[in-house]
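> Structure supplied as work-v4.pdb; contents: PDB, C-alpha atoms and all ligand atoms.
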ATOM      1  CA  MET D   1      93.297 144.346 101.457
ATOM      2  CA  THR D   2      92.804 140.582 101.617
ATOM      3  CA  LYS D   3      89.430 139.121 100.670
ATOM      4  CA  GLU D   4      87.419 137.673 103.540
ATOM      5  CA  VAL D   5      87.473 133.881 103.884
ATOM      6  CA  THR D   6      83.842 132.689 103.898
ATOM      7  CA  LYS D   7      84.080 129.249 102.249
ATOM      8  CA  ALA D   8      85.536 126.070 103.680
ATOM      9  CA  ILE D   9      86.147 122.676 102.119
ATOM     10  CA  PHE D  10      85.867 119.581 104.326
ATOM     11  CA  PRO D  11      87.477 116.649 102.504
ATOM     12  CA  VAL D  12      85.761 113.598 103.957
ATOM     13  CA  ALA D  13      85.975 111.144 101.082
ATOM     14  CA  GLY D  14      88.726 108.948 102.554
ATOM     15  CA  MET D  15      87.945 105.364 103.478
ATOM     16  CA  GLY D  16      89.127 105.576 107.078
ATOM     17  CA  THR D  17      90.673 102.115 106.907
ATOM     18  CA  ARG D  18      92.498 102.558 110.218
ATOM     19  CA  PHE D  19      89.123 102.330 111.942
ATOM     20  CA  LEU D  20      87.840  99.196 110.248
ATOM     21  CA  PRO D  21      85.549  97.442 110.928
ATOM     22  CA  ALA D  22      83.701 100.493 112.395
ATOM     23  CA  THR D  23      84.125 102.500 109.187
ATOM     24  CA  LYS D  24      82.594  99.713 107.128
ATOM     25  CA  SER D  25      79.228 101.378 107.818
ATOM     26  CA  VAL D  26      79.962 104.492 109.918
ATOM     27  CA  PRO D  27      81.843 107.394 108.326
ATOM     28  CA  LYS D  28      84.922 108.282 110.388
ATOM     29  CA  GLU D  29      83.662 111.869 110.717
ATOM     30  CA  ILE D  30      80.522 110.660 112.516
ATOM     31  CA  MET D  31      82.481 108.858 115.226
ATOM     32  CA  THR D  32      81.972 110.652 118.518
ATOM     33  CA  LEU D  33      84.312 112.379 120.939
ATOM     34  CA  VAL D  34      82.287 112.269 124.162
ATOM     35  CA  ASP D  35      78.883 113.041 122.599
ATOM     36  CA  ARG D  36      79.610 114.996 119.428
ATOM     37  CA  PRO D  37      80.797 113.628 116.111
ATOM     38  CA  LEU D  38      84.170 114.765 114.794
ATOM     39  CA  ILE D  39      82.446 116.762 112.062
ATOM     40  CA  GLN D  40      80.610 118.899 114.644
ATOM     41  CA  TYR D  41      83.931 120.049 116.147
ATOM     42  CA  ALA D  42      85.110 121.010 112.651
ATOM     43  CA  ILE D  43      81.901 122.898 111.829
ATOM     44  CA  ASP D  44      81.986 124.809 115.116
ATOM     45  CA  GLU D  45      85.594 125.826 114.475
ATOM     46  CA  ALA D  46      84.719 126.993 110.961
ATOM     47  CA  ARG D  47      81.741 129.028 112.189
ATOM     48  CA  ALA D  48      83.893 130.731 114.836
ATOM     49  CA  ALA D  49      86.277 131.755 112.039
ATOM     50  CA  GLY D  50      83.476 133.391 110.024
ATOM     51  CA  ILE D  51      82.852 130.620 107.495
ATOM     52  CA  LYS D  52      79.406 130.847 105.852
ATOM     53  CA  GLU D  53      79.585 128.176 103.138
ATOM     54  CA  PHE D  54      80.487 124.595 103.998
ATOM     55  CA  ILE D  55      81.544 122.324 101.157
ATOM     56  CA  PHE D  56      81.863 118.613 101.878
ATOM     57  CA  VAL D  57      83.784 116.420  99.497
ATOM     58  CA  THR D  58      82.232 113.019 100.151
ATOM     59  CA  SER D  59      82.212 109.538  98.690
ATOM     60  CA  ARG D  60      80.119 106.380  98.642
ATOM     61  CA  GLY D  61      78.852 105.359 102.071
ATOM     62  CA  LYS D  62      78.841 108.830 103.657
ATOM     63  CA  GLY D  63      75.030 109.146 103.828
ATOM     64  CA  ALA D  64      75.048 109.353 107.638
ATOM     65  CA  LEU D  65      77.111 112.526 107.351
ATOM     66  CA  GLU D  66      74.518 114.213 105.124
ATOM     67  CA  ASP D  67      71.684 113.079 107.422
ATOM     68  CA  TYR D  68      73.462 114.491 110.443
ATOM     69  CA  PHE D  69      72.927 118.064 109.251
ATOM     70  CA  ASP D  70      69.228 117.602 108.418
ATOM     71  CA  HIS D  71      66.505 118.873 110.713
ATOM     72  CA  ALA D  72      64.957 116.111 112.822
ATOM     73  CA  PRO D  73      61.327 117.288 113.206
ATOM     74  CA  GLN D  74      60.070 114.164 114.970
ATOM     75  CA  LEU D  75      62.853 114.193 117.517
ATOM     76  CA  GLU D  76      62.383 117.941 118.070
ATOM     77  CA  GLN D  77      58.647 117.462 118.659
ATOM     78  CA  GLU D  78      59.237 114.716 121.198
ATOM     79  CA  LEU D  79      61.774 116.830 123.090
ATOM     80  CA  LYS D  80      59.395 119.839 123.047
ATOM     81  CA  LYS D  81      56.546 117.709 124.371
ATOM     82  CA  LYS D  82      58.737 116.586 127.268
ATOM     83  CA  ASN D  83      60.086 120.114 127.908
ATOM     84  CA  LYS D  84      63.650 118.949 127.322
ATOM     85  CA  ASN D  85      64.848 122.431 126.422
ATOM     86  CA  LYS D  86      68.542 121.854 127.076
ATOM     87  CA  LEU D  87      68.561 118.945 124.635
ATOM     88  CA  LEU D  88      66.664 121.034 122.086
ATOM     89  CA  GLU D  89      69.408 123.651 122.323
ATOM     90  CA  VAL D  90      72.041 120.948 121.788
ATOM     91  CA  LEU D  91      70.159 119.746 118.730
ATOM     92  CA  GLU D  92      69.957 123.269 117.354
ATOM     93  CA  THR D  93      73.755 123.514 117.111
ATOM     94  CA  THR D  94      73.596 120.850 114.400
ATOM     95  CA  ASN D  95      71.125 122.790 112.239
ATOM     96  CA  MET D  96      72.588 124.472 109.195
ATOM     97  CA  GLU D  97      71.106 127.398 107.315
ATOM     98  CA  SER D  98      69.358 126.475 104.050
ATOM     99  CA  GLY D  99      71.842 126.523 101.203
ATOM    100  CA  ALA D 100      74.875 126.795 103.484
ATOM    101  CA  ILE D 101      76.034 123.229 102.805
ATOM    102  CA  ALA D 102      77.044 121.696  99.513
ATOM    103  CA  TYR D 103      78.085 118.104  98.871
ATOM    104  CA  ILE D 104      80.429 117.122  96.050
ATOM    105  CA  ARG D 105      81.385 113.545  95.253
ATOM    106  CA  GLN D 106      84.974 112.458  94.843
ATOM    107  CA  HIS D 107      84.409 109.403  92.683
ATOM    108  CA  LYS D 108      87.817 107.850  93.387
ATOM    109  CA  ALA D 109      90.031 108.354  96.426
ATOM    110  CA  LEU D 110      92.910 109.863  94.443
ATOM    111  CA  GLY D 111      94.288 111.885  97.345
ATOM    112  CA  LEU D 112      93.666 115.023  99.386
ATOM    113  CA  GLY D 113      94.756 117.344  96.563
ATOM    114  CA  HIS D 114      92.273 115.702  94.225
ATOM    115  CA  ALA D 115      89.489 115.938  96.852
ATOM    116  CA  VAL D 116      90.054 119.697  97.203
ATOM    117  CA  TRP D 117      90.209 120.088  93.408
ATOM    118  CA  CYS D 118      86.782 118.421  93.136
ATOM    119  CA  ALA D 119      85.287 121.514  94.851
ATOM    120  CA  ARG D 120      86.908 124.020  92.467
ATOM    121  CA  ARG D 121      83.697 125.205  90.795
ATOM    122  CA  LEU D 122      82.127 126.102  94.134
ATOM    123  CA  ILE D 123      85.178 128.098  95.172
ATOM    124  CA  ALA D 124      85.641 130.015  91.909
ATOM    125  CA  ASP D 125      87.926 133.016  92.482
ATOM    126  CA  GLU D 126      88.011 133.381  96.258
ATOM    127  CA  PRO D 127      90.348 132.419  99.073
ATOM    128  CA  PHE D 128      89.066 129.388 100.975
ATOM    129  CA  ALA D 129      89.773 127.311 104.044
ATOM    130  CA  VAL D 130      90.364 123.549 104.146
ATOM    131  CA  ILE D 131      89.612 121.670 107.356
ATOM    132  CA  LEU D 132      90.428 118.013 107.930
ATOM    133  CA  PRO D 133      87.937 116.910 110.586
ATOM    134  CA  ASP D 134      90.167 114.118 111.880
ATOM    135  CA  ASP D 135      92.630 116.734 113.165
ATOM    136  CA  VAL D 136      90.819 117.981 116.265
ATOM    137  CA  ILE D 137      92.369 120.987 117.999
ATOM    138  CA  ALA D 138      91.617 122.014 121.558
ATOM    139  CA  ALA D 139      92.338 125.736 121.826
ATOM    140  CA  GLU D 140      91.132 128.779 123.716
ATOM    141  CA  LYS D 141      90.715 130.617 120.422
ATOM    142  CA  PRO D 142      89.783 128.125 117.696
ATOM    143  CA  CYS D 143      92.710 127.370 115.384
ATOM    144  CA  LEU D 144      91.097 128.524 112.124
ATOM    145  CA  GLN D 145      90.078 131.797 113.762
ATOM    146  CA  GLN D 146      93.709 132.387 114.795
ATOM    147  CA  MET D 147      94.738 131.732 111.204
ATOM    148  CA  VAL D 148      92.058 133.946 109.635
ATOM    149  CA  GLU D 149      93.253 136.827 111.802
ATOM    150  CA  ALA D 150      96.869 136.276 110.770
ATOM    151  CA  TYR D 151      95.839 135.842 107.123
ATOM    152  CA  ALA D 152      94.182 139.290 107.145
ATOM    153  CA  GLU D 153      97.740 140.665 107.460
ATOM    154  CA  THR D 154      99.606 138.318 105.103
ATOM    155  CA  GLY D 155      97.184 137.183 102.375
ATOM    156  CA  GLY D 156      98.638 134.412 100.189
ATOM    157  CA  ASN D 157      98.468 130.854 101.518
ATOM    158  CA  MET D 158      98.677 129.740 105.117
ATOM    159  CA  VAL D 159      99.072 126.263 106.601
ATOM    160  CA  ALA D 160      98.772 125.289 110.260
ATOM    161  CA  ALA D 161     102.168 124.124 111.519
ATOM    162  CA  MET D 162     103.273 122.071 114.484
ATOM    163  CA  GLU D 163     106.597 120.617 115.623
ATOM    164  CA  VAL D 164     106.818 116.821 115.475
ATOM    165  CA  ALA D 165     109.500 114.349 116.535
ATOM    166  CA  PRO D 166     112.064 113.674 113.750
ATOM    167  CA  GLU D 167     110.902 110.052 113.406
ATOM    168  CA  GLN D 168     107.378 111.308 112.639
ATOM    169  CA  THR D 169     108.163 113.539 109.650
ATOM    170  CA  SER D 170     107.373 110.657 107.285
ATOM    171  CA  SER D 171     103.684 110.986 108.255
ATOM    172  CA  TYR D 172     103.318 114.691 107.373
ATOM    173  CA  GLY D 173     103.943 117.442 104.860
ATOM    174  CA  VAL D 174     107.056 119.219 106.204
ATOM    175  CA  LEU D 175     108.029 122.894 105.825
ATOM    176  CA  ASP D 176     111.323 124.295 104.607
ATOM    177  CA  ILE D 177     111.508 127.652 106.390
ATOM    178  CA  CYS D 178     113.379 130.815 105.361
ATOM    179  CA  GLU D 179     112.136 133.390 107.911
ATOM    180  CA  GLU D 180     110.538 133.205 111.318
ATOM    181  CA  THR D 181     108.495 135.910 113.071
ATOM    182  CA  ASP D 182     106.601 133.854 115.631
ATOM    183  CA  PRO D 183     103.850 132.682 115.185
ATOM    184  CA  LEU D 184     104.408 133.058 111.420
ATOM    185  CA  VAL D 185     107.076 131.320 109.366
ATOM    186  CA  LYS D 186     107.816 132.110 105.742
ATOM    187  CA  VAL D 187     108.037 128.930 103.708
ATOM    188  CA  GLN D 188     110.498 128.318 100.869
ATOM    189  CA  GLY D 189     109.614 124.693 100.210
ATOM    190  CA  MET D 190     107.330 121.843 101.271
ATOM    191  CA  ILE D 191     107.956 118.108 101.110
ATOM    192  CA  GLU D 192     105.303 115.442 101.578
ATOM    193  CA  LYS D 193     106.190 112.638 103.987
ATOM    194  CA  PRO D 194     110.019 112.904 103.977
ATOM    195  CA  ASP D 195     112.170 110.462 105.954
ATOM    196  CA  ALA D 196     113.827 112.067 108.980
ATOM    197  CA  GLU D 197     117.173 112.431 107.152
ATOM    198  CA  ASP D 198     115.559 114.266 104.190
ATOM    199  CA  ALA D 199     113.228 116.502 106.217
ATOM    200  CA  PRO D 200     114.098 120.212 105.905
ATOM    201  CA  SER D 201     112.746 120.869 109.447
ATOM    202  CA  ASN D 202     110.523 119.199 112.014
ATOM    203  CA  LEU D 203     107.691 121.679 111.395
ATOM    204  CA  ALA D 204     104.785 119.644 110.042
ATOM    205  CA  VAL D 205     101.603 120.746 108.294
ATOM    206  CA  ILE D 206      98.398 119.686 110.005
ATOM    207  CA  GLY D 207      94.823 119.802 108.755
ATOM    208  CA  ARG D 208      93.994 123.530 108.586
ATOM    209  CA  TYR D 209      94.731 125.621 105.521
ATOM    210  CA  ILE D 210      93.770 128.984 104.054
ATOM    211  CA  LEU D 211      94.457 128.860 100.349
ATOM    212  CA  SER D 212      94.257 131.136  97.362
ATOM    213  CA  PRO D 213      92.368 130.014  94.219
ATOM    214  CA  SER D 214      95.706 129.709  92.380
ATOM    215  CA  VAL D 215      96.261 126.449  94.320
ATOM    216  CA  LEU D 216      93.210 125.015  92.529
ATOM    217  CA  GLU D 217      94.720 126.120  89.230
ATOM    218  CA  ASN D 218      98.016 124.426  90.229
ATOM    219  CA  LEU D 219      96.083 121.224  90.973
ATOM    220  CA  ASN D 220      95.098 121.103  87.288
ATOM    221  CA  HIS D 221      98.739 120.309  86.527
ATOM    222  CA  ILE D 222      99.865 118.245  89.528
ATOM    223  CA  GLN D 223     100.708 114.599  88.903
ATOM    224  CA  SER D 224     100.331 111.990  91.612
ATOM    225  CA  GLY D 225     103.129 112.223  94.172
ATOM    226  CA  SER D 226     103.891 110.561  97.501
ATOM    227  CA  GLY D 227     101.946 107.304  97.940
ATOM    228  CA  GLY D 228     100.612 107.558  94.362
ATOM    229  CA  GLU D 229      98.114 110.244  95.485
ATOM    230  CA  ILE D 230      97.540 113.787  94.217
ATOM    231  CA  GLN D 231      98.981 115.781  97.081
ATOM    232  CA  LEU D 232      97.682 119.151  98.251
ATOM    233  CA  THR D 233     101.193 119.883  99.560
ATOM    234  CA  ASP D 234     102.607 119.756  96.016
ATOM    235  CA  ALA D 235     100.031 122.257  94.737
ATOM    236  CA  ILE D 236     100.760 124.677  97.597
ATOM    237  CA  ALA D 237     104.515 124.267  97.071
ATOM    238  CA  ARG D 238     104.000 125.260  93.418
ATOM    239  CA  ASP D 239     102.637 128.618  94.653
ATOM    240  CA  ILE D 240     105.972 129.245  96.388
ATOM    241  CA  GLU D 241     107.687 129.050  92.993
ATOM    242  CA  LEU D 242     105.030 131.174  91.292
ATOM    243  CA  ALA D 243     104.269 133.816  93.899
ATOM    244  CA  ASP D 244     106.449 133.242  97.003
ATOM    245  CA  ASN D 245     103.423 133.673  99.251
ATOM    246  CA  VAL D 246     103.218 130.642 101.554
ATOM    247  CA  TYR D 247     103.262 130.960 105.339
ATOM    248  CA  GLY D 248     103.193 128.465 108.158
ATOM    249  CA  TYR D 249     101.281 129.403 111.286
ATOM    250  CA  ARG D 250     102.294 127.977 114.659
ATOM    251  CA  PHE D 251      98.845 127.779 116.197
ATOM    252  CA  ARG D 252      98.235 127.877 119.928
ATOM    253  CA  GLY D 253      96.395 124.747 121.014
ATOM    254  CA  GLN D 254      96.653 120.987 121.325
ATOM    255  CA  ARG D 255      96.099 118.903 118.251
ATOM    256  CA  PHE D 256      94.786 115.335 118.386
ATOM    257  CA  ASP D 257      95.215 113.000 115.440
ATOM    258  CA  CYS D 258      91.748 111.451 115.512
ATOM    259  CA  GLY D 259      92.526 109.592 112.293
ATOM    260  CA  SER D 260      94.579 107.208 114.452
ATOM    261  CA  LYS D 261      93.226 105.005 117.228
ATOM    262  CA  SER D 262      95.680 106.239 119.814
ATOM    263  CA  GLY D 263      95.012 109.902 118.966
ATOM    264  CA  PHE D 264      91.272 109.301 119.097
ATOM    265  CA  LEU D 265      91.510 107.705 122.536
ATOM    266  CA  GLN D 266      93.702 110.540 123.829
ATOM    267  CA  ALA D 267      91.201 113.096 122.524
ATOM    268  CA  THR D 268      88.355 111.215 124.186
ATOM    269  CA  VAL D 269      90.124 111.455 127.539
ATOM    270  CA  ALA D 270      91.108 115.131 127.053
ATOM    271  CA  PHE D 271      87.652 116.265 125.942
ATOM    272  CA  GLY D 272      86.012 114.139 128.640
ATOM    273  CA  LEU D 273      88.181 115.740 131.343
ATOM    274  CA  ALA D 274      87.316 119.178 129.941
ATOM    275  CA  ARG D 275      83.608 118.581 130.662
ATOM    276  CA  PRO D 276      82.747 119.634 134.225
ATOM    277  CA  GLU D 277      79.946 117.042 134.527
ATOM    278  CA  LEU D 278      82.305 114.174 133.615
ATOM    279  CA  ARG D 279      85.613 115.317 135.029
ATOM    280  CA  ASP D 280      85.499 113.881 138.572
ATOM    281  CA  ASP D 281      84.190 110.488 137.529
ATOM    282  CA  LEU D 282      86.622 110.103 134.668
ATOM    283  CA  MET D 283      89.585 111.356 136.704
ATOM    284  CA  GLY D 284      88.743 108.894 139.486
ATOM    285  CA  TYR D 285      88.656 106.080 136.979
ATOM    286  CA  LEU D 286      91.952 107.097 135.336
ATOM    287  CA  GLN D 287      93.638 107.282 138.718
ATOM    288  CA  SER D 288      92.363 103.827 139.692
ATOM    289  CA  VAL D 289      93.571 102.397 136.379
ATOM    290  CA  THR D 290      97.045 103.911 136.632
ATOM    291  CA  GLN D 291      97.362 102.763 140.251
ATOM    292  CA  THR D 292      96.451  99.174 139.441
ATOM    293  CA  ASP D 293      98.723  99.389 136.367
ATOM    294  CA  VAL D 294      96.494  97.436 133.978
TER     295      VAL D 294
HETATM  296  P1  LIG I   1      93.726 110.090 105.489
HETATM  297  O1  LIG I   1      95.105 110.052 104.997
HETATM  298  O2  LIG I   1      93.523 110.120 106.959
HETATM  299  O3  LIG I   1      92.932 108.891 104.841
HETATM  300  O4  LIG I   1      93.035 111.360 104.817
HETATM  301  P2  LIG I   1      91.565 108.207 105.283
HETATM  302  O5  LIG I   1      91.053 107.411 104.151
HETATM  303  O6  LIG I   1      90.611 109.240 105.845
HETATM  304  O7  LIG I   1      91.966 107.245 106.501
HETATM  305  P3  LIG I   1      92.846 105.876 106.522
HETATM  306  O8  LIG I   1      94.275 106.312 106.371
HETATM  307  O9  LIG I   1      92.366 104.944 105.444
HETATM  308  O10 LIG I   1      92.545 105.349 107.894
HETATM  309  C1  LIG I   1      93.139 112.667 105.354
HETATM  310  C2  LIG I   1      91.882 113.446 105.001
HETATM  311  O11 LIG I   1      91.754 113.572 103.582
HETATM  312  C3  LIG I   1      90.521 113.047 103.121
HETATM  313  C4  LIG I   1      90.083 112.084 104.222
HETATM  314  O12 LIG I   1      88.680 111.929 104.219
HETATM  315  C5  LIG I   1      90.607 112.766 105.491
HETATM  316  O13 LIG I   1      89.721 113.793 105.927
HETATM  317  N1  LIG I   1      90.738 112.406 101.803
HETATM  318  C6  LIG I   1      91.840 111.627 101.606
HETATM  319  C7  LIG I   1      89.825 112.583 100.799
HETATM  320  O14 LIG I   1      88.790 113.293 100.978
HETATM  321  N2  LIG I   1      90.033 111.977  99.600
HETATM  322  C8  LIG I   1      91.126 111.220  99.352
HETATM  323  O15 LIG I   1      91.271 110.713  98.215
HETATM  324  C9  LIG I   1      92.052 111.030 100.399
END
How does this structure look as structure tokens?
Ligand code: UTP

Amino acid sequence: MTKEVTKAIFPVAGMGTRFLPATKSVPKEIMTLVDRPLIQYAIDEARAAGIKEFIFVTSRGKGALEDYFDHAPQLEQELKKKNKNKLLEVLETTNMESGAIAYIRQHKALGLGHAVWCARRLIADEPFAVILPDDVIAAEKPCLQQMVEAYAETGGNMVAAMEVAPEQTSSYGVLDICEETDPLVKVQGMIEKPDAEDAPSNLAVIGRYILSPSVLENLNHIQSGSGGEIQLTDAIARDIELADNVYGYRFRGQRFDCGSKSGFLQATVAFGLARPELRDDLMGYLQSVTQTDV
């Protein structure tokens, strides 16, 4: 029987340079899609998957992220006084149980693998999830929940996988596949950011993982790789050599790369159109824009 996955790491220590100057003072994870910050989408997905402990790997300048999860007694009082019950309910979704959140500092941005490694003492000997909040996934059943259900059958390590165009493989970790039983693929190798001609497939890893504690042990020995950073991909790939237990999971849903401006704008439109109270207005505007061909 596989152990239940109850802990998740949210690596949020990156500098978010693609969103400068905004990220000079606002953490990328606090930027909003419609009316909720990216981090709220990630937390909601984790909760739906049964996560109980939320570990943020942060860095200098991420204070707004910590504040976001605090109670706001003054604001709550004001809303109560004015009988704004709907807004109070909205606010409640941001409240976290005492002791459910931990913050760890990554002192230097040495890469995603290093960020995950920074949380090793809080994970100890349990399987854990990793969620990158800038990958936002619209799905009927939340992506991590799909993966947790599949993981109950496979155990080992599981990465969310998605097909990308050949010219995009150099932006992702890419899977070398040996078996396919949709939606699962068995992985025999992983390469970080290969050029199209070196990519073993066009199945890319995106920001959802369920990992075994052995990956943290592997990270103790991983040297910096692609881009001079300590890569999580390399530590997972090491588990293929040691235990042959890595799976890709073709999730059902649409992923938006909210770490890029174009992806963020596309997500804003998609999530806006998904809101009944905004849909007609926004659709009307989009139609007028496409007709006038701005
Ligand atoms: P990105 O590659 O998107 O980097 O990191 P970034 O710094 O957030 O953004 P840009 O490229 O400068 O615009 C992917 C994820 O890994 C985390 C980031 O916070 C993001 O969630 N990360 C990356 C860390 O926590 N630490 C690191 O050293 C690197």
> Which protein, DNA or RNA residues have an atom within 7 Å of ligand LIG 1 (chain I), counting all atoms listed in the file, as an MDAnalysis selection string?
chainID D and resid 11:19 57:58 106 108:112 114:115 132:134 259
> Select, from D:Gln168, D:Thr233, D:Ile55, D:Val34, the residue with the minimum atom-to-atom distance to D:Glu277, counting only C-alpha atoms.
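Looking only at the distances to D:Glu277, the closest residue turns out to be D:Val34.
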> Counting all atoms listed in the file, which residue out of D:Lys86, D:Arg238, D:Lys81, D:Arg105 sits closest to D:Asn157?
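Closest residue, counting all atoms listed in the file: D:Arg238.
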> Tell me, in Å to one decimal, how far atom CA of D:Ala64 is from atom CA of D:Thr93.
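Pair atom CA of D:Ala64 / atom CA of D:Thr93 returns 17.1 Å.
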> Taking the file above as input, evaluate the PyMOL selection byres (((chain D and resi 44) around 12) and not hetatm) and report the hits as a PyMOL selection string.
chain D and resi 36-43+45-52+54+93-96+131+133+136-138+141-145
